[in-house]
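K.L.:
Dropping a structure here in structure tokens format, bear with me for questions.
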Amino acid sequence: MTFNILISDPLSEEGIKPLRDAENVSITVETKLTPEELLDCIDQYDALLVRSQTQVTKEVLEKGTRLKVVGRAGVGVDNIDLDAATEHGVIVVNAPDGNTNSAAEHTIAMLMSLARNIPQAHYAIKQHRWDRKSYVGVELKGKTFGIIGLGRIGAEVAYRAKGQRLNVIAFDPYLTEEKAEKMGIQYATLDEVLEKADFITVHTPLLKQTKHLINKEAFAKMKTGVQIINCARGGIIDEEALYDAIVQKKVAGAALDVFEEEPIKNFKLIELPEVIATPHLGASTVEAQENVAIDVSHDVINILNGGVAKNPVNLPSLPAEVMKRIEPYFNLSEKLGTFIAHTTKEVIEEVSIFYSGDLTKLDVSPLTRNTVKGLLKRYLGDHVNDVNATYFANKKGITINEQKTTSSKGFTNLLTVEVKTKSGSSRVSGTLLNGLGTRIVKVDAYSVDVVPTGHLVLVRHKDQPGAIGRVGTLLAQFDVNIATMQVGRSDIGGDAIMMLTVDRQIEEKVLKQLKEVHDIHDLMTIDL
Ligand SMILES: NC(=O)c1ccc[n+]([C@@H]2O[C@H](COP(=O)([O-])OP(=O)(O)OC[C@H]3O[C@@H](n4cnc5c(N)ncnc54)[C@H](O)[C@@H]3O)[C@@H](O)[C@H]2O)c1
Ligand SMILES: O=C(O)[C@H](O)COP(=O)(O)O
């Protein structure tokens with residue numbers, strides 16, 4: 001099978017080598033598509049690779065019926081509609097580490113340029129003006145440098161700023177006093193940063209909560225003469241408010257790499273002499289572009305080939321070590337979900353997944369999603385996957401519970417799926433046997449030992465002599481070969497089950513006759 005990959009923003013050719021080297025992919029590079037052209041062609045692709053330029057909208061994800069993955073060669077995913085990606089089962093991956101250094105270096109370059117008016121002086125001298133008076137700068141040494149958002153880039157900026165002998169103070173909801181102390185910087189609240197800093201730099205993502213974080217009210221709290229840097233995302237700073245603050249001489253200067261609208265159409269802010277700017281160049285180094293393209297290429301190939309992503313954005317990411325340990329249970333969890341979906345005739349209101357034995361030591365959330373995927377596939381088809389399974393369950397009003405229990409009924413590991421409907425509940429349990437593969441070991445109260453694969457038939461009947469024989473004879477009449485058979489009963493002459501594995505799918509007319517066999521209460525087929 002060949003996977004079609006569209007690269008719609010400029011990516012490092014060296015960085016996409018892993019994709020070029022992969023055997024089963026066909027790559028199209030089209031970096032000048034209009035939004036309409038992208039919508040027209042996206043249904044041909046299994047993967048889309050972008051930077052910050054391509055807008056991966058709801059419509060793109062709707063039309064991308066083949067899409068399995070969107071790879072963002074960089075950090076910010078604000079150009080990708082994550083909710084729509086999740087709904088459509090499209091996994092989004094990014095490359096969070098590859099451009100940290102470049103973005104931090106660019107921030108420091110902007111800080112130095114801002115403090116010493118380098119771009120303005122450079123422009124004057126290029127115009128043959130020898131002007132030494134207009135471009136008197138300020139020293140960094142001893143000034144207070146406020147960082148808002150102390151993640152990967154914010155922290156790298158902090159280390160470098162200390163080298164400039166700045167007093168670094170920082171606000172981040174996840175920053176503790178201890179951590180700040182360890183880094184040799186000062187922990188501060190947002191207001192303290194706004195009030196104390198001579199230079200303020202933002203390094204948060206653009207989220208609902210950070211949109212216009214630096215607004216009119218924030219500028220009002222700042223020192224007169226403060227200088228502002230934004231190498232994170234346009235929109236974190238309210239550009240209108242920044243314009244007013246500069247015109248009113250509250251803000252002495254601003255260095256901007258990112259803008260509310262990119263490419264910029266309204267140059268009002270940029271034209272102010274106090275503003276220096278670059279066209280979103282924070283990650284534009286040879287090294288960063290190579291790094292992010294390599295990282296995202298590997299993840300895209302892995303996902304297309306059914307593997308696990310290292311940097312998923314719309315799925316919780318687990319350390320490779322943990323993933324390796326739970327991977328063997330993936331097949332079992334999905335099969336149990338599918339099994340219970342086939343054997344439950346009423347609307348499912350709640351699904352509980354119980355993990356015991358070895359499984360209790362692991363982060364089992366991917367198995368829970370996989371079980372729900374197996375369960376919902378019966379109703380929603382193949383477009384349910386790990387990414388959107390929980391989303392669809394919530395949408396259908398199905399409550400999902402995940403529990404770890406100590407009772408493993410003698411098995412080294414045991415996974416039990418229980419569903420509740422209006423009138424009752426049913427359960428199935430399975431295990432992974434060392435060297436022997438997966439087994440269904442319990443259906444409701446009945447112990448069985450069934451390999452969960454192929455065409456299964458679950459018969460509920462009365463424990464009476466001849467019941468099993470009658471089923472076997474009828475199937476033989478229609479040339480249905482029974483590969484394996486397991487029986488379980490509550491007590492002699494009571495309710496019982498038969499679990500058959502047959503060599504082919506059974507036609508509707510045969511099932512109808514089977515249901516009429518004496519002592520048979522109910523019957524269902526399950527394709528696993
Ligand atoms: N200019 C560029 O080319 C360029 C390059 C790389 C990254 N970026 C952007 O830089 C930003 C930071 O990237 P990163 O890799 O450091 O991300 P990160 O996730 O490592 O760090 C973001 C930090 O912001 C903090 N944060 C979130 N909300 C906050 C709030 N309301 N107040 C204070 N802090 C808050 C988070 O706790 C986190 O520590 C992102 O917007 C990214 O898109 C820009
Ligand atoms: O979020 C990022 O990684 C940066 O903003 C880089 O964006 P770019 O890939 O468009 O340069």
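We label chains A, B, ... in the order they appear in the structure tokens, count residues from 1 in each chain, and number ligands from 1 in the order shown.
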Output the neighbourhood of ligand 1 as JSON, numbers by chain, that is, all protein and nucleic acid residues with some atom at most 8 Å from the ligand, counting only C-alpha atoms and all ligand atoms.
P.N.:
{"A": [74, 75, 76, 77, 78, 96, 97, 99, 100, 102, 103, 106, 148, 149, 150, 151, 152, 153, 154, 155, 171, 172, 173, 174, 175, 190, 202, 203, 204, 205, 206, 207, 209, 210, 213, 230, 231, 232, 233, 257, 258, 280, 281, 282, 283, 284]}
K.L.:
Using only C-alpha atoms, which residues sit within 12 Å of A:Thr406 once same-chain residues fewer than 5 positions away are excluded, as a PDB file with C-alpha atoms, in the first residue's frame?
P.N.:
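The resulting file, around.pdb, is reproduced below:
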```pdb
ATOM      1  CA  PHE A 354     -11.151  -3.182  34.843  1.00  0.00           C
ATOM      2  CA  TYR A 355      -7.435  -3.824  34.802  1.00  0.00           C
ATOM      3  CA  SER A 356      -5.793  -6.285  37.140  1.00  0.00           C
ATOM      4  CA  GLY A 357      -2.542  -8.153  37.680  1.00  0.00           C
ATOM      5  CA  ASP A 358       0.446  -6.782  35.735  1.00  0.00           C
ATOM      6  CA  LEU A 359      -1.769  -4.233  34.039  1.00  0.00           C
ATOM      7  CA  THR A 360      -2.240  -2.291  37.255  1.00  0.00           C
ATOM      8  CA  LYS A 361       1.383  -1.200  37.072  1.00  0.00           C
ATOM      9  CA  PHE A 411      -4.314 -14.680  35.893  1.00  0.00           C
ATOM     10  CA  THR A 412      -1.057 -12.766  35.574  1.00  0.00           C
ATOM     11  CA  ASN A 413      -3.013 -10.057  33.842  1.00  0.00           C
ATOM     12  CA  LEU A 414      -6.746  -9.662  33.318  1.00  0.00           C
ATOM     13  CA  LEU A 415      -8.726  -7.118  31.366  1.00  0.00           C
TER      14      LEU A 415
END
```
K.L.:
Taking the backbone alone, and naming residues the way the document does, which bits of stretch 113-321 of chain A are alpha helix (DSSP H) by DSSP, as an MDAnalysis selection string?
P.N.:
chainID A and resid 113:116 118:126 152:163 177:183 190:196 216:221 239:247 286:304 320:321
K.L.:
Please provide as a ChimeraX atom specification all residues within 6 Å of A:Ala170, with the sequence filter that same-chain residues fewer than 2 positions apart are discarded (counting only C-alpha atoms).
P.N.:
/A:146-148,187-188
K.L.:
Need the shell around stretch 437-440 of chain A: protein/DNA/RNA residues with any atom at most 8 Å away, counting only C-alpha atoms. Skip same-chain ones fewer than 2 positions apart. Format as number ranges by chain?
P.N.:
A: 331-332, 336, 428-435, 442-443, 448-452
K.L.:
Store the residues picked out above, limited to N, CA and C atoms, as a PDB file, in the first residue's frame.
P.N.:
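Ended up saving to selection-v5.pdb:
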```
ATOM      1  N   ASN A 331      -4.210  -5.543  21.066  1.00  0.00           N
ATOM      2  CA  ASN A 331      -5.083  -6.434  20.331  1.00  0.00           C
ATOM      3  C   ASN A 331      -6.208  -6.946  21.225  1.00  0.00           C
ATOM      4  N   LEU A 332      -5.841  -7.356  22.442  1.00  0.00           N
ATOM      5  CA  LEU A 332      -6.830  -7.899  23.379  1.00  0.00           C
ATOM      6  C   LEU A 332      -7.885  -6.843  23.709  1.00  0.00           C
ATOM      7  N   LEU A 336     -11.898  -7.269  22.936  1.00  0.00           N
ATOM      8  CA  LEU A 336     -12.900  -7.349  24.002  1.00  0.00           C
ATOM      9  C   LEU A 336     -13.988  -6.292  23.789  1.00  0.00           C
ATOM     10  N   VAL A 428     -17.104  -9.272  29.730  1.00  0.00           N
ATOM     11  CA  VAL A 428     -16.205 -10.232  29.105  1.00  0.00           C
ATOM     12  C   VAL A 428     -14.807  -9.944  29.636  1.00  0.00           C
ATOM     13  N   SER A 429     -14.060 -11.015  29.887  1.00  0.00           N
ATOM     14  CA  SER A 429     -12.692 -10.841  30.389  1.00  0.00           C
ATOM     15  C   SER A 429     -11.723 -11.552  29.461  1.00  0.00           C
ATOM     16  N   GLY A 430     -10.533 -10.989  29.359  1.00  0.00           N
ATOM     17  CA  GLY A 430      -9.506 -11.608  28.527  1.00  0.00           C
ATOM     18  C   GLY A 430      -8.150 -11.473  29.175  1.00  0.00           C
ATOM     19  N   THR A 431      -7.249 -12.281  28.680  1.00  0.00           N
ATOM     20  CA  THR A 431      -5.890 -12.245  29.233  1.00  0.00           C
ATOM     21  C   THR A 431      -4.881 -12.448  28.119  1.00  0.00           C
ATOM     22  N   LEU A 432      -3.642 -12.093  28.418  1.00  0.00           N
ATOM     23  CA  LEU A 432      -2.553 -12.341  27.472  1.00  0.00           C
ATOM     24  C   LEU A 432      -1.688 -13.426  28.090  1.00  0.00           C
ATOM     25  N   LEU A 433      -1.670 -14.609  27.444  1.00  0.00           N
ATOM     26  CA  LEU A 433      -0.906 -15.725  28.001  1.00  0.00           C
ATOM     27  C   LEU A 433       0.498 -15.712  27.432  1.00  0.00           C
ATOM     28  N   ASN A 434       1.437 -15.794  28.307  1.00  0.00           N
ATOM     29  CA  ASN A 434       2.833 -15.729  27.889  1.00  0.00           C
ATOM     30  C   ASN A 434       3.133 -16.752  26.792  1.00  0.00           C
ATOM     31  N   GLY A 435       3.500 -16.280  25.622  1.00  0.00           N
ATOM     32  CA  GLY A 435       3.872 -17.167  24.517  1.00  0.00           C
ATOM     33  C   GLY A 435       2.698 -17.762  23.762  1.00  0.00           C
ATOM     34  N   LYS A 442     -13.554 -15.340  30.197  1.00  0.00           N
ATOM     35  CA  LYS A 442     -14.818 -15.321  30.923  1.00  0.00           C
ATOM     36  C   LYS A 442     -15.845 -14.527  30.135  1.00  0.00           C
ATOM     37  N   VAL A 443     -17.060 -15.078  30.037  1.00  0.00           N
ATOM     38  CA  VAL A 443     -18.169 -14.335  29.443  1.00  0.00           C
ATOM     39  C   VAL A 443     -19.267 -14.330  30.494  1.00  0.00           C
ATOM     40  N   VAL A 448     -14.446 -19.632  30.090  1.00  0.00           N
ATOM     41  CA  VAL A 448     -14.186 -20.244  28.780  1.00  0.00           C
ATOM     42  C   VAL A 448     -12.698 -20.091  28.472  1.00  0.00           C
ATOM     43  N   ASP A 449     -12.284 -20.606  27.325  1.00  0.00           N
ATOM     44  CA  ASP A 449     -10.904 -20.417  26.881  1.00  0.00           C
ATOM     45  C   ASP A 449     -10.950 -20.340  25.361  1.00  0.00           C
ATOM     46  N   VAL A 450     -11.105 -19.119  24.859  1.00  0.00           N
ATOM     47  CA  VAL A 450     -11.344 -18.942  23.426  1.00  0.00           C
ATOM     48  C   VAL A 450     -10.336 -17.952  22.859  1.00  0.00           C
ATOM     49  N   VAL A 451      -9.770 -18.306  21.694  1.00  0.00           N
ATOM     50  CA  VAL A 451      -8.875 -17.376  21.006  1.00  0.00           C
ATOM     51  C   VAL A 451      -9.768 -16.334  20.319  1.00  0.00           C
ATOM     52  N   PRO A 452      -9.598 -15.050  20.629  1.00  0.00           N
ATOM     53  CA  PRO A 452     -10.521 -14.058  20.078  1.00  0.00           C
ATOM     54  C   PRO A 452     -10.171 -13.652  18.645  1.00  0.00           C
TER      55      PRO A 452
END
```
K.L.:
Report as a tab-separated table (two decimals) with N, CA and C atoms, in the first residue's frame all protein, DNA and RNA residues lying within 8 Å of A:Asn79, evaluated on only C-alpha atoms, omitting residues in the same chain fewer than 4 positions from it.
P.N.:
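Generated output (selection12.tsv):
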```tsv
chain	number	residue	atom	x	y	z
A	52	SER	N	3.62	26.91	9.93
A	52	SER	CA	2.57	27.75	10.51
A	52	SER	C	1.69	28.41	9.46
A	53	GLN	N	2.09	28.24	8.19
A	53	GLN	CA	1.39	28.98	7.13
A	53	GLN	C	0.06	28.34	6.74
A	54	THR	N	0.09	27.06	6.45
A	54	THR	CA	-1.13	26.39	6.00
A	54	THR	C	-2.16	26.36	7.12
A	55	GLN	N	-3.36	26.80	6.81
A	55	GLN	CA	-4.43	26.76	7.80
A	55	GLN	C	-5.16	25.42	7.65
A	56	VAL	N	-5.02	24.57	8.64
A	56	VAL	CA	-5.67	23.26	8.58
A	56	VAL	C	-7.02	23.42	9.29
A	57	THR	N	-7.99	23.84	8.50
A	57	THR	CA	-9.30	24.21	9.05
A	57	THR	C	-10.19	22.99	9.17
```
K.L.:
Got a sec: who's within 8 Å of stretch 214-227 of chain A, counting only C-alpha atoms, leaving out chain neighbours fewer than 5 positions off, as number ranges by chain?
P.N.:
A: 114, 191, 194-200, 236-238, 241-242, 245, 249-254
K.L.:
If we count only C-alpha atoms, what is near A:Ser26 at a cut-off of 7 Å, once residues fewer than 5 positions away on the same chain are taken out, given as a PyMOL selection string?
P.N.:
chain A and resi 2-5
K.L.:
With N, CA and C atoms retained, write the just-selected residues as a PDB file, in the first residue's frame.
P.N.:
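Done, and the output landed in result.pdb:
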```pdb
ATOM      1  N   THR A   2       0.515   2.204  -0.854  1.00  0.00           N
ATOM      2  CA  THR A   2       1.285   3.457  -0.899  1.00  0.00           C
ATOM      3  C   THR A   2       0.499   4.567  -0.215  1.00  0.00           C
ATOM      4  N   PHE A   3       1.173   5.296   0.659  1.00  0.00           N
ATOM      5  CA  PHE A   3       0.541   6.434   1.335  1.00  0.00           C
ATOM      6  C   PHE A   3       0.908   7.726   0.616  1.00  0.00           C
ATOM      7  N   ASN A   4      -0.093   8.541   0.340  1.00  0.00           N
ATOM      8  CA  ASN A   4       0.160   9.830  -0.310  1.00  0.00           C
ATOM      9  C   ASN A   4       0.332  10.906   0.743  1.00  0.00           C
ATOM     10  N   ILE A   5       1.444  11.626   0.636  1.00  0.00           N
ATOM     11  CA  ILE A   5       1.750  12.669   1.622  1.00  0.00           C
ATOM     12  C   ILE A   5       1.841  14.016   0.907  1.00  0.00           C
TER      13      ILE A   5
END
```
K.L.:
Ranking A:Asn481, A:Gln289, A:Gln186, A:Asn311 by minimum distance to ligand 2 and counting only C-alpha atoms and all ligand atoms, which one comes first?
P.N.:
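When distances to ligand 2 are compared using only C-alpha atoms and all ligand atoms, the smallest one comes from A:Gln289.
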K.L.:
Quick one: of A:Ala288, A:Leu269, A:Gln127, A:Leu256, who's nearest to ligand 2, counting only C-alpha atoms and all ligand atoms?
P.N.:
A:Ala288
